[in-house]
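Undergrad: Sharing input14.cif (mmCIF, C-alpha atoms and all ligand atoms) below.
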```
data_query
#
loop_
_atom_site.label_atom_id
_atom_site.label_comp_id
_atom_site.auth_asym_id
_atom_site.auth_seq_id
_atom_site.Cartn_x
_atom_site.Cartn_y
_atom_site.Cartn_z
CA MET A 1 0.00 0.00 0.00
CA THR A 2 1.32 3.48 -0.88
CA ASP A 3 2.13 5.61 2.17
CA PHE A 4 0.20 8.90 2.19
CA ASP A 5 0.77 9.66 5.85
CA GLY A 6 0.67 13.42 6.52
CA LYS A 7 -0.88 14.20 3.10
CA LYS A 8 -4.20 15.95 2.55
CA ALA A 9 -6.34 15.11 -0.51
CA ILE A 10 -9.50 16.64 -1.96
CA VAL A 11 -11.42 14.17 -4.13
CA LEU A 12 -14.23 15.72 -6.19
CA GLY A 13 -16.74 13.23 -7.54
CA GLY A 14 -15.52 10.99 -4.73
CA THR A 15 -18.86 9.61 -3.58
CA SER A 16 -19.23 6.91 -6.23
CA GLY A 17 -17.35 4.59 -8.56
CA ILE A 18 -13.79 5.48 -9.55
CA GLY A 19 -13.59 8.64 -7.42
CA LEU A 20 -14.78 6.77 -4.34
CA ALA A 21 -12.26 3.96 -4.92
CA THR A 22 -9.48 6.57 -5.26
CA ALA A 23 -10.57 8.34 -2.07
CA GLU A 24 -10.63 5.05 -0.15
CA MET A 25 -7.11 4.12 -1.32
CA LEU A 26 -5.79 7.53 -0.28
CA ARG A 27 -7.50 7.15 3.12
CA ASP A 28 -6.17 3.61 3.56
CA GLY A 29 -2.66 4.95 2.80
CA GLY A 30 -2.99 7.40 5.71
CA ALA A 31 -4.06 10.60 3.91
CA GLU A 32 -6.61 13.01 5.31
CA VAL A 33 -9.33 12.89 2.65
CA ILE A 34 -12.06 15.43 1.89
CA VAL A 35 -14.65 14.05 -0.52
CA GLY A 36 -16.86 16.41 -2.48
CA SER A 37 -19.94 15.93 -4.64
CA ARG A 38 -23.49 17.28 -4.91
CA ARG A 39 -25.10 14.65 -2.64
CA GLU A 40 -25.00 14.46 1.13
CA CYS A 41 -22.76 11.63 2.23
CA GLU A 42 -21.20 9.88 5.18
CA LEU A 43 -18.05 7.94 4.42
CA ASP A 44 -15.92 5.99 6.84
CA GLY A 45 -12.81 7.95 7.84
CA MET A 46 -13.34 10.76 5.33
CA GLU A 47 -14.89 14.22 5.48
CA CYS A 48 -17.84 14.80 3.13
CA VAL A 49 -18.51 18.19 1.60
CA GLN A 50 -21.50 19.03 -0.59
CA VAL A 51 -20.14 20.92 -3.59
CA ASP A 52 -20.97 21.17 -7.27
CA VAL A 53 -17.88 21.31 -9.50
CA LEU A 54 -19.73 23.86 -11.66
CA ASP A 55 -20.12 26.19 -8.65
CA ARG A 56 -16.91 28.21 -8.72
CA ASP A 57 -17.71 30.11 -5.52
CA GLY A 58 -18.31 26.85 -3.65
CA LEU A 59 -15.03 25.41 -4.96
CA ALA A 60 -13.10 28.55 -3.99
CA VAL A 61 -14.38 28.32 -0.40
CA LEU A 62 -13.39 24.63 -0.22
CA PHE A 63 -9.87 25.18 -1.57
CA GLU A 64 -9.23 28.24 0.62
CA LYS A 65 -10.33 26.31 3.70
CA HIS A 66 -7.83 23.54 2.96
CA ALA A 67 -5.00 25.71 1.61
CA GLY A 68 -1.72 23.81 1.48
CA PHE A 69 -3.42 20.54 0.48
CA ASP A 70 -1.33 17.99 -1.42
CA TYR A 71 -3.59 16.17 -3.86
CA LEU A 72 -6.52 17.26 -6.03
CA VAL A 73 -8.47 14.45 -7.66
CA ASN A 74 -11.46 15.14 -9.91
CA ALA A 75 -13.62 12.25 -11.15
CA ALA A 76 -16.90 14.19 -11.38
CA THR A 77 -18.93 13.44 -14.49
CA GLY A 78 -20.32 16.97 -14.16
CA GLY A 79 -23.86 16.35 -15.43
CA PRO A 80 -25.86 14.49 -18.10
CA ARG A 81 -23.93 13.25 -21.14
CA ALA A 82 -25.30 13.06 -24.67
CA ILE A 83 -25.28 9.61 -26.27
CA GLY A 84 -25.77 8.88 -29.97
CA PRO A 85 -24.45 9.61 -33.46
CA PHE A 86 -23.27 13.15 -34.15
CA LEU A 87 -25.63 13.83 -37.07
CA ASP A 88 -28.63 12.99 -34.86
CA MET A 89 -27.19 14.84 -31.88
CA ASP A 90 -29.18 17.37 -29.90
CA LEU A 91 -26.62 20.17 -29.89
CA ASP A 92 -27.62 21.47 -26.46
CA GLY A 93 -26.98 17.96 -25.14
CA PHE A 94 -23.64 17.82 -26.94
CA GLN A 95 -22.62 21.15 -25.44
CA GLY A 96 -23.95 20.09 -22.02
CA SER A 97 -21.63 17.08 -22.03
CA PHE A 98 -18.76 19.54 -21.60
CA ALA A 99 -19.82 20.07 -17.97
CA LYS A 100 -17.18 17.44 -17.15
CA LEU A 101 -14.45 19.59 -18.75
CA TRP A 102 -15.67 22.77 -17.05
CA GLY A 103 -15.78 20.99 -13.68
CA TYR A 104 -12.22 19.78 -14.20
CA THR A 105 -10.88 23.15 -15.39
CA ASN A 106 -12.71 25.01 -12.59
CA SER A 107 -11.07 22.79 -10.01
CA VAL A 108 -7.54 23.11 -11.41
CA ARG A 109 -7.82 26.89 -11.94
CA LEU A 110 -9.19 27.52 -8.45
CA GLY A 111 -7.44 24.67 -6.63
CA ALA A 112 -3.84 24.76 -7.88
CA PRO A 113 -2.99 28.17 -6.35
CA HIS A 114 -3.85 26.71 -2.93
CA MET A 115 -1.86 23.48 -3.29
CA ALA A 116 1.51 22.52 -1.85
CA ALA A 117 4.30 23.11 -4.38
CA ASN A 118 5.08 19.38 -4.47
CA GLY A 119 1.40 18.51 -4.86
CA ALA A 120 -0.27 16.56 -7.67
CA VAL A 121 -3.54 16.67 -9.62
CA LEU A 122 -5.32 13.63 -11.05
CA LEU A 123 -8.14 13.80 -13.62
CA TYR A 124 -9.99 10.89 -15.23
CA SER A 125 -10.59 11.04 -19.00
CA GLY A 126 -12.07 8.03 -20.88
CA TYR A 127 -11.13 5.78 -23.80
CA PRO A 128 -13.74 7.16 -26.27
CA ALA A 129 -11.33 10.12 -26.46
CA ARG A 130 -9.04 8.03 -28.67
CA LYS A 131 -11.20 5.22 -30.03
CA TRP A 132 -14.49 5.70 -31.83
CA ARG A 133 -17.31 3.62 -30.43
CA SER A 134 -20.92 3.92 -31.56
CA GLY A 135 -22.79 6.55 -29.56
CA THR A 136 -19.81 8.02 -27.72
CA ILE A 137 -18.94 11.01 -29.93
CA ALA A 138 -19.89 13.58 -27.26
CA ILE A 139 -18.01 12.02 -24.34
CA GLY A 140 -15.11 11.19 -26.66
CA THR A 141 -14.78 14.82 -27.71
CA VAL A 142 -14.90 15.91 -24.07
CA GLY A 143 -12.33 13.26 -23.12
CA GLY A 144 -10.00 14.48 -25.86
CA ALA A 145 -10.24 18.02 -24.46
CA VAL A 146 -9.52 16.73 -20.96
CA GLU A 147 -6.38 14.93 -22.17
CA ALA A 148 -5.14 17.98 -24.12
CA PHE A 149 -5.76 20.15 -21.07
CA ILE A 150 -3.68 17.84 -18.86
CA ARG A 151 -0.70 17.82 -21.22
CA LEU A 152 -0.78 21.58 -21.81
CA VAL A 153 -1.52 22.92 -18.33
CA ALA A 154 1.22 20.71 -16.84
CA ASN A 155 3.67 23.35 -18.15
CA GLU A 156 1.85 26.17 -16.39
CA ILE A 157 1.24 24.66 -12.95
CA SER A 158 4.68 23.05 -12.56
CA PRO A 159 6.17 22.18 -10.04
CA ILE A 160 2.69 20.91 -9.14
CA ARG A 161 2.26 17.75 -11.23
CA ILE A 162 -0.87 16.82 -13.19
CA ASN A 163 -1.73 13.51 -14.83
CA GLY A 164 -4.72 11.69 -16.22
CA VAL A 165 -5.92 8.14 -16.06
CA CYS A 166 -7.99 6.97 -19.02
CA PRO A 167 -10.49 4.26 -18.03
CA GLY A 168 -11.96 1.75 -20.45
CA LEU A 169 -15.42 0.36 -19.84
CA ILE A 170 -15.70 0.16 -16.05
CA ASP A 171 -18.49 -1.34 -13.94
CA THR A 172 -19.61 1.58 -11.76
CA PRO A 173 -22.91 3.16 -10.68
CA MET A 174 -22.57 5.43 -13.74
CA SER A 175 -24.58 2.80 -15.61
CA PRO A 176 -28.16 2.62 -14.33
CA LEU A 177 -28.73 -0.81 -15.94
CA GLU A 178 -29.53 -3.75 -13.69
CA GLY A 179 -29.48 -7.54 -13.82
CA GLU A 180 -29.24 -9.23 -17.20
CA ALA A 181 -29.32 -5.95 -19.12
CA ARG A 182 -26.28 -4.78 -17.16
CA ASP A 183 -24.40 -8.03 -17.70
CA ASN A 184 -25.15 -7.90 -21.44
CA TYR A 185 -24.06 -4.26 -21.71
CA TYR A 186 -20.64 -4.95 -20.20
CA ARG A 187 -20.22 -8.29 -22.00
CA ASP A 188 -21.11 -6.90 -25.43
CA GLY A 189 -19.20 -3.66 -24.84
CA THR A 190 -15.95 -5.46 -24.04
CA ALA A 191 -16.24 -8.58 -26.25
CA ALA A 192 -13.66 -7.24 -28.73
CA HIS A 193 -11.19 -6.10 -26.05
CA LEU A 194 -8.02 -8.04 -25.27
CA ILE A 195 -9.35 -8.53 -21.73
CA PRO A 196 -13.04 -9.11 -22.47
CA ARG A 197 -14.70 -7.89 -19.30
CA ALA A 198 -15.53 -4.58 -17.65
CA GLY A 199 -12.84 -3.19 -15.37
CA THR A 200 -13.40 -2.42 -11.69
CA ALA A 201 -13.23 0.99 -10.06
CA GLY A 202 -10.31 -0.30 -7.98
CA GLU A 203 -8.32 -1.31 -11.06
CA VAL A 204 -8.61 2.25 -12.38
CA ALA A 205 -8.02 3.94 -9.02
CA SER A 206 -4.78 2.02 -8.44
CA ALA A 207 -3.37 3.75 -11.55
CA GLY A 208 -4.56 7.05 -10.09
CA ILE A 209 -2.65 6.28 -6.91
CA PHE A 210 0.46 5.55 -9.00
CA VAL A 211 0.44 8.95 -10.74
CA LEU A 212 -0.26 10.79 -7.50
CA ALA A 213 2.58 9.08 -5.64
CA ASN A 214 5.27 8.86 -8.33
CA GLU A 215 7.10 12.20 -8.25
CA PHE A 216 8.69 11.69 -11.71
CA VAL A 217 5.39 11.57 -13.62
CA THR A 218 3.62 14.62 -15.00
CA GLY A 219 1.71 15.72 -18.10
CA THR A 220 0.81 12.18 -19.07
CA ILE A 221 -2.16 9.83 -19.39
CA VAL A 222 -2.18 6.23 -18.16
CA ASP A 223 -4.59 3.88 -19.96
CA VAL A 224 -6.46 1.29 -17.88
CA ASP A 225 -8.80 -0.20 -20.45
CA GLY A 226 -8.40 -3.96 -20.76
CA GLY A 227 -6.64 -3.45 -24.07
CA ALA A 228 -9.54 -1.53 -25.62
CA LEU A 229 -7.21 0.92 -27.37
CA ALA A 230 -4.98 -1.85 -28.67
CA THR A 231 -7.72 -3.53 -30.73
N1 LIG B 1 -17.40 4.04 -15.72
C1 LIG B 1 -16.87 4.06 -16.92
O1 LIG B 1 -17.05 3.12 -17.74
C2 LIG B 1 -15.98 5.20 -17.34
C3 LIG B 1 -15.31 5.10 -18.58
C4 LIG B 1 -14.51 6.12 -19.01
C5 LIG B 1 -14.37 7.25 -18.22
N2 LIG B 1 -15.03 7.36 -17.05
C6 LIG B 1 -14.84 8.60 -16.28
O2 LIG B 1 -14.41 8.32 -14.96
C7 LIG B 1 -14.92 9.32 -14.08
C8 LIG B 1 -15.67 8.65 -12.94
O3 LIG B 1 -16.74 7.87 -13.49
P1 LIG B 1 -17.57 6.82 -12.61
O4 LIG B 1 -17.90 5.70 -13.51
O5 LIG B 1 -16.87 6.57 -11.34
O6 LIG B 1 -18.92 7.67 -12.37
P2 LIG B 1 -20.01 7.61 -11.18
O7 LIG B 1 -19.93 6.33 -10.43
O8 LIG B 1 -21.29 8.00 -11.83
O9 LIG B 1 -19.52 8.78 -10.20
C9 LIG B 1 -19.56 10.11 -10.63
C10 LIG B 1 -19.25 11.01 -9.44
O10 LIG B 1 -19.26 12.37 -9.90
C11 LIG B 1 -20.06 13.16 -9.00
N3 LIG B 1 -20.56 14.30 -9.74
C12 LIG B 1 -21.23 14.30 -10.94
N4 LIG B 1 -21.52 15.55 -11.29
C13 LIG B 1 -21.01 16.37 -10.33
C14 LIG B 1 -21.01 17.78 -10.14
N5 LIG B 1 -21.58 18.61 -11.02
N6 LIG B 1 -20.39 18.27 -9.03
C15 LIG B 1 -19.80 17.43 -8.14
N7 LIG B 1 -19.77 16.10 -8.26
C16 LIG B 1 -20.39 15.58 -9.35
C17 LIG B 1 -21.13 12.18 -8.52
O11 LIG B 1 -21.72 12.58 -7.29
P3 LIG B 1 -23.06 13.48 -7.19
O12 LIG B 1 -24.05 12.90 -8.15
O13 LIG B 1 -23.43 13.36 -5.76
O14 LIG B 1 -22.67 14.88 -7.54
C18 LIG B 1 -20.27 10.93 -8.30
O15 LIG B 1 -19.58 11.01 -7.07
C19 LIG B 1 -15.81 10.24 -14.93
O16 LIG B 1 -15.08 11.37 -15.33
C20 LIG B 1 -16.13 9.39 -16.14
O17 LIG B 1 -16.40 10.16 -17.29
C21 LIG B 1 -15.82 6.36 -16.58
#
```
Show me, as structure tokens, the structure contained in the file I just sent.
Ligand SMILES: NC(=O)c1ccc[n+]([C@@H]2O[C@H](COP(=O)([O-])OP(=O)(O)OC[C@H]3O[C@@H](n4cnc5c(N)ncnc54)[C@H](OP(=O)(O)O)[C@@H]3O)[C@@H](O)[C@H]2O)c1
TA:
Amino acid sequence: MTDFDGKKAIVLGGTSGIGLATAEMLRDGGAEVIVGSRRECELDGMECVQVDVLDRDGLAVLFEKHAGFDYLVNAATGGPRAIGPFLDMDLDGFQGSFAKLWGYTNSVRLGAPHMAANGAVLLYSGYPARKWRSGTIAIGTVGGAVEAFIRLVANEISPIRINGVCPGLIDTPMSPLEGEARDNYYRDGTAAHLIPRAGTAGEVASAGIFVLANEFVTGTIVDVDGGALAT
């Protein structure tokens, strides 16, 4: 287990799925963890804060309160995402899908000035950014912007590090499907991958822990996708 003793982490979108798994690994490594999302929550050994990543004033208050914090993680989906082919796309929905990018950029812009100089930022993108898959044009475009942002802003926030982890198809509460429909969705969606199953939130979060802890890694994206990009 990575030792995060004495470190303080803010994990936005940390109440579910990949963000929650990341928060729990930081906590288990000894970090003080503040978890933020829009819902009320109670999480073992972590402080919960109700905050919307689109609410800049709310974010500013959070970051000022914890000034000097070491790690900023953002896994917040931001809001509803548009699904479907581009030529049938509702353009308001397409534009709305960028809430994820605005939540991420809000948090880095407002959070980085309050971070420790040897701190690190972690954002989660998503494999549709680099591999077309039916219906994912909106989230793929957003993911591409997230990855470009990470590589570019790394130059401006240095010595604070920033990295991304790019998940493949991961079994999290993001999918509302249940039972057989859920099983079929993940089976069919990963059938062509080198590792033909959905990933777990923990498998993705462990890569997040790697880029937070490794002080020689910045401006890069780590793929955790069961070989989805290799096919
Ligand atoms: N699961 C996958 O297959 C997959 C694949 C590729 C990429 N990803 C990416 O990985 C990240 C995590 O996904 P996940 O599967 O773990 O999703 P999830 O289980 O649905 O969790 C999303 C989290 O984001 C929070 N959130 C959403 N909008 C927010 C807002 N406006 N302000 C604050 N918090 C907000 C949610 O809490 P509240 O609702 O309480 O706000 C929740 O904690 C996302 O960026 C997603 O795009 C996931």
Undergrad: Go through A:Pro176, A:Gly119, A:Gly45, A:Gly219 one by one, measure the shortest atom-to-atom distance of each to ligand LIG 1 (chain B) using only C-alpha atoms and all ligand atoms, and give the residue with the smallest value.
TA: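 Looking at the shortest contact to ligand LIG 1 (chain B), the residue is A:Pro176.
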Undergrad: List all protein, DNA and RNA residues that have an atom no more than 6 Å from any atom of ligand LIG 1 (chain B), counting all atoms listed in the file, and report them as a PyMOL selection string.
TA: chain A and resi 12-19+37-39+51-54+75-79+124-127+167-174
Undergrad: Please report the interatomic distance between CA of Val217 (chain A) and CA of Val61 (chain A) in Å with one decimal.
TA: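 Computing the Euclidean distance for CA of Val217 (chain A) and CA of Val61 (chain A) yields 29.1 Å.
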Undergrad: Just checking: using all atoms listed in the file, which residue out of A:Asp183, A:Glu178, A:Asp3, A:Asp188 ends up closest to Phe210 (chain A)?
TA: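 Nearest candidate to Phe210 (chain A) out of A:Asp183, A:Glu178, A:Asp3, A:Asp188: A:Asp3.
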Undergrad: Which of these residues is nearest to Gly96 (chain A), using only C-alpha atoms: A:Ala31, A:Leu229, A:Leu59, A:Ala82?
TA: A:Ala82
Undergrad: Hey, can you check how far CA of Asp225 (chain A) sits from CA of Arg161 (chain A)?
TA: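 If I compute the distance from CA of Asp225 (chain A) to CA of Arg161 (chain A), I get 23.0 Å.
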Undergrad: From the set A:Glu32, A:Ala112, A:Leu87, A:Val222, which residue has the shortest atom-to-atom contact distance to Glu64 (chain A), counting all atoms listed in the file?
TA: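 Among the listed residues, the smallest separation from Glu64 (chain A) belongs to A:Ala112.
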Undergrad: Between A:Gly140, A:Pro159, A:Gly135, A:Gly58, single out the one closest to Leu110 (chain A), counting all atoms listed in the file.
TA: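 With all atoms listed in the file as the atom set, the closest residue is A:Gly58.
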Undergrad: Rounded to one decimal place, report the CA of Pro85 (chain A)-CA of Ser134 (chain A) distance in Å.
TA: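 Calculated distance between CA of Pro85 (chain A) and CA of Ser134 (chain A) is 7.0 Å.
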Undergrad: Rank A:Ala60, A:Val146, A:Ala230, A:Ala67 by their smallest atom-to-atom distance to Arg109 (chain A), using only C-alpha atoms, and report the top residue only.
TA: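 Under the stated criterion, the closest residue is A:Ala60.
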Undergrad: Mind checking which residues fall within 12 Å of Asp92 (chain A), counting only C-alpha atoms, ignoring those fewer than 3 positions away in the same chain, and posting them as an MDAnalysis selection string?
TA: chainID A and resid 80:82 88:89 95:99 138
